[in-house]
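Below is one structure, written out as structure tokens; the observations come after it.
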Amino acid sequence: EALRIVEETLASVGDEPAQPLEIVRIGLSDDFEMAYGAQIIALAREQLPQTRLVFRQTNSQMAAAALHDHEIDLAITSGSINDARIRHLSLGSADYAIVFDPAFRAKEQGAFTLDEFLAREHLLVSFSGLTGITDEVLAEHGLKRTVHAATTHFSGLPFLLRGGDRIATIPSHAAAALCRLGMFASSPCPVAFPRYAFGLSWHFEALRRPRIMKMRYLLSAMFKRLDATG
């Protein structure tokens, strides 16, 4: 019994000391941040409690330079990065949906028809603020939409759509995030949009930092679960 007590005491003393706080910077566009940011925070809090996450705005055009300059440690972007020093892991694919204020549309109207889609005023969301994927898809069918305003940030949509009859065509995960606020509704697009792939990227030097590699693993596992549950 005495030896058991000594053994338990030594085992408790030999526990690993608490890890110091470490910052992990994740670059992503704000549609991904809106849709998945809270889940990522909860995951890190549970699995990496001594980690502070910093979300930084980036996109597929800017991510490689930000990873090289160590401005971010991981990047979630559409497509992949063509750079031998950047590692990439596919996370899944996404499509598009229409989001709108339901106060300006009767529930019994159902999904948007093409005629209604073209007749409504659109709020454009794109990096350039000038044109977007919706314009490209419509142009393939010889169609155009009416755009009176544009923004470069998805996070501004709750304030720009609320209280008006404007609509926005955005990635479906961002549309779902807006609908969870309880103020918006969504509809499938009346024309087919191409799905697009998105993934996780990191600089090869990050292999030397176990915390970043653990966060990479957690993100990959999270998106696999999300994909499995639909």
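Identifiers for the structure tokens are assigned positionally: chains receive A, B, ... in sequence, residues are indexed from 1 per chain, and ligands are indexed from 1 in the order shown.
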* To do: Identify all residues of segment 106-165 of chain A in alpha helix (DSSP H) (DSSP on the backbone) and supply them as a list in words.
  => Leu114, Asp115, Glu116, Phe117, Leu118, Ala119, Ile133, Thr134, Asp135, Glu136, Val137, Leu138, Ala139, Glu140, Leu157, Pro158, Phe159, Leu160 and Leu161 of chain A
* **Leu53 of chain A environment, 9 Å, only C-alpha atoms, sequence neighbours closer than 3 positions dropped, as an MDAnalysis selection string** => chainID A and resid 22:26 40:41 44
* **Tyr196 of chain A surroundings by only C-alpha atoms, 8 Å radius, close-in-sequence under 4 positions cut, as a ChimeraX atom specification** => /A:78-79,93-95
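Between atom CA of Leu48 of chain A and atom CA of Gly199 of chain A the interatomic distance comes to 21.4 Å.
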At a cut-off of 6 Å, can you tabulate as a Markdown table every residue of segment 75-190 of chain A near segment 202-223 of chain A together with its closest atom pair and the distance in Å to one decimal, using only C-alpha atoms and ordering rows by chain then number?
```
| residue | atom | partner | partner_atom | distance |
| --- | --- | --- | --- | --- |
| A:Arg85 | CA | A:Phe204 | CA | 5.8 |
| A:Ile86 | CA | A:His203 | CA | 4.6 |
| A:Arg87 | CA | A:Trp202 | CA | 5.4 |
```
Residue subset to file, keeping all heavy atoms, as a tab-separated table (two decimals), in the first residue's frame:
```tsv
chain	number	residue	atom	x	y	z
A	85	ARG	N	6.48	25.36	-51.98
A	85	ARG	CA	6.76	25.48	-50.54
A	85	ARG	C	5.49	25.49	-49.70
A	85	ARG	O	5.56	25.50	-48.47
A	85	ARG	CB	7.56	26.75	-50.28
A	85	ARG	CG	8.96	26.74	-50.89
A	85	ARG	CD	9.57	28.13	-50.88
A	85	ARG	NE	8.85	29.03	-51.77
A	85	ARG	CZ	9.15	30.32	-51.93
A	85	ARG	NH1	10.14	30.85	-51.26
A	85	ARG	NH2	8.45	31.06	-52.77
A	86	ILE	N	4.34	25.47	-50.37
A	86	ILE	CA	3.07	25.47	-49.66
A	86	ILE	C	2.43	24.08	-49.78
A	86	ILE	O	2.29	23.54	-50.88
A	86	ILE	CB	2.10	26.52	-50.25
A	86	ILE	CG1	2.74	27.92	-50.19
A	86	ILE	CG2	0.77	26.50	-49.50
A	86	ILE	CD1	3.03	28.41	-48.79
A	87	ARG	N	2.07	23.52	-48.65
A	87	ARG	CA	1.37	22.23	-48.63
A	87	ARG	C	-0.13	22.48	-48.63
A	87	ARG	O	-0.60	23.49	-48.09
A	87	ARG	CB	1.77	21.42	-47.40
A	87	ARG	CG	3.28	21.23	-47.23
A	87	ARG	CD	3.85	20.35	-48.35
A	87	ARG	NE	5.27	20.11	-48.14
A	87	ARG	CZ	6.25	20.72	-48.79
A	87	ARG	NH1	5.96	21.65	-49.67
A	87	ARG	NH2	7.52	20.42	-48.57
```
* **Residues of segment 41-221 of chain A in strand (DSSP E or B), written as a PyMOL selection string** => chain A and resi 51-57+74-78+86-94+96-100+121-125+146-151+167-171+185-188+196-203
Could you turn the residues from that selection into a file that holds C-alpha atoms, as a PDB file, in the first residue's frame?
```pdb
ATOM      1  CA  THR A  51      -3.905  28.339 -27.932  1.00  0.00           C
ATOM      2  CA  ARG A  52      -5.220  31.740 -28.950  1.00  0.00           C
ATOM      3  CA  LEU A  53      -6.707  31.798 -32.424  1.00  0.00           C
ATOM      4  CA  VAL A  54      -6.407  34.851 -34.632  1.00  0.00           C
ATOM      5  CA  PHE A  55      -8.590  34.982 -37.752  1.00  0.00           C
ATOM      6  CA  ARG A  56      -7.114  37.132 -40.511  1.00  0.00           C
ATOM      7  CA  GLN A  57      -8.774  38.040 -43.790  1.00  0.00           C
ATOM      8  CA  LEU A  74      -2.860  28.157 -41.887  1.00  0.00           C
ATOM      9  CA  ALA A  75      -5.133  29.247 -44.731  1.00  0.00           C
ATOM     10  CA  ILE A  76      -8.625  28.114 -45.679  1.00  0.00           C
ATOM     11  CA  THR A  77      -9.266  29.216 -49.258  1.00  0.00           C
ATOM     12  CA  SER A  78     -11.070  28.206 -52.406  1.00  0.00           C
ATOM     13  CA  ILE A  86       3.065  25.467 -49.665  1.00  0.00           C
ATOM     14  CA  ARG A  87       1.373  22.228 -48.630  1.00  0.00           C
ATOM     15  CA  HIS A  88      -2.322  21.763 -49.355  1.00  0.00           C
ATOM     16  CA  LEU A  89      -5.114  19.507 -48.133  1.00  0.00           C
ATOM     17  CA  SER A  90      -8.572  19.363 -49.701  1.00  0.00           C
ATOM     18  CA  LEU A  91     -11.420  20.033 -47.261  1.00  0.00           C
ATOM     19  CA  GLY A  92     -14.476  19.782 -49.512  1.00  0.00           C
ATOM     20  CA  SER A  93     -16.552  21.717 -52.002  1.00  0.00           C
ATOM     21  CA  ALA A  94     -19.308  24.321 -51.885  1.00  0.00           C
ATOM     22  CA  TYR A  96     -24.254  28.834 -53.984  1.00  0.00           C
ATOM     23  CA  ALA A  97     -27.615  29.978 -52.623  1.00  0.00           C
ATOM     24  CA  ILE A  98     -29.762  33.107 -52.641  1.00  0.00           C
ATOM     25  CA  VAL A  99     -30.217  34.898 -49.315  1.00  0.00           C
ATOM     26  CA  PHE A 100     -32.838  37.570 -48.645  1.00  0.00           C
ATOM     27  CA  GLU A 121     -32.205  44.063 -57.220  1.00  0.00           C
ATOM     28  CA  HIS A 122     -28.961  42.257 -56.431  1.00  0.00           C
ATOM     29  CA  LEU A 123     -26.265  43.050 -53.901  1.00  0.00           C
ATOM     30  CA  LEU A 124     -22.944  41.972 -55.388  1.00  0.00           C
ATOM     31  CA  VAL A 125     -20.321  40.445 -53.088  1.00  0.00           C
ATOM     32  CA  THR A 146     -29.448  44.370 -61.902  1.00  0.00           C
ATOM     33  CA  VAL A 147     -26.771  45.422 -59.391  1.00  0.00           C
ATOM     34  CA  HIS A 148     -27.110  48.774 -57.629  1.00  0.00           C
ATOM     35  CA  ALA A 149     -24.554  48.205 -54.861  1.00  0.00           C
ATOM     36  CA  ALA A 150     -21.583  45.979 -54.084  1.00  0.00           C
ATOM     37  CA  THR A 151     -19.474  45.023 -51.094  1.00  0.00           C
ATOM     38  CA  ILE A 167     -30.991  39.646 -52.676  1.00  0.00           C
ATOM     39  CA  ALA A 168     -27.452  38.259 -52.627  1.00  0.00           C
ATOM     40  CA  THR A 169     -26.118  35.108 -54.239  1.00  0.00           C
ATOM     41  CA  ILE A 170     -23.368  33.764 -52.007  1.00  0.00           C
ATOM     42  CA  PRO A 171     -21.673  30.480 -51.010  1.00  0.00           C
ATOM     43  CA  ALA A 185     -34.130  33.042 -45.588  1.00  0.00           C
ATOM     44  CA  SER A 186     -32.453  31.286 -48.493  1.00  0.00           C
ATOM     45  CA  SER A 187     -33.414  29.707 -51.791  1.00  0.00           C
ATOM     46  CA  PRO A 188     -31.657  27.533 -54.354  1.00  0.00           C
ATOM     47  CA  TYR A 196     -15.925  24.965 -56.165  1.00  0.00           C
ATOM     48  CA  ALA A 197     -13.318  23.178 -54.082  1.00  0.00           C
ATOM     49  CA  PHE A 198     -11.756  24.646 -50.969  1.00  0.00           C
ATOM     50  CA  GLY A 199      -8.902  23.468 -48.830  1.00  0.00           C
ATOM     51  CA  LEU A 200      -6.343  24.055 -46.108  1.00  0.00           C
ATOM     52  CA  SER A 201      -2.826  25.298 -46.842  1.00  0.00           C
ATOM     53  CA  TRP A 202       0.318  25.799 -44.747  1.00  0.00           C
ATOM     54  CA  HIS A 203       3.988  26.602 -45.278  1.00  0.00           C
TER      55      HIS A 203
END
```
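With atom CA of Arg120 of chain A on one side and atom CA of Phe104 of chain A on the other, the separation reads 11.0 Å.
Pairwise distance (atom CA of Pro102 of chain A, atom CA of Phe184 of chain A) equals 6.0 Å.
Distance check against Arg195 of chain A using only C-alpha atoms: of A:Ala103, A:Leu67, A:Ile81, A:Val137, the minimum falls on A:Val137.
The residue that comes closest to Phe127 of chain A, out of A:Thr113, A:Asn82, A:Thr58, A:Ser172 and on the basis of only C-alpha atoms, is A:Thr58.
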* To do: Return the single residue from A:Leu157, A:Gln50, A:His141, A:Cys189 that is closest to Phe112 of chain A, with distances computed using only C-alpha atoms.
  => A:Cys189
* Determine, counting only C-alpha atoms, which protein, DNA and RNA residues have an atom within 9 Å of an atom of Ala177 of chain A; residues of the same chain fewer than 4 positions away are not included. Present the result as a list in words. => Asp31, Met34, Ala35, Tyr36, Ser172, His173 and Leu181 of chain A
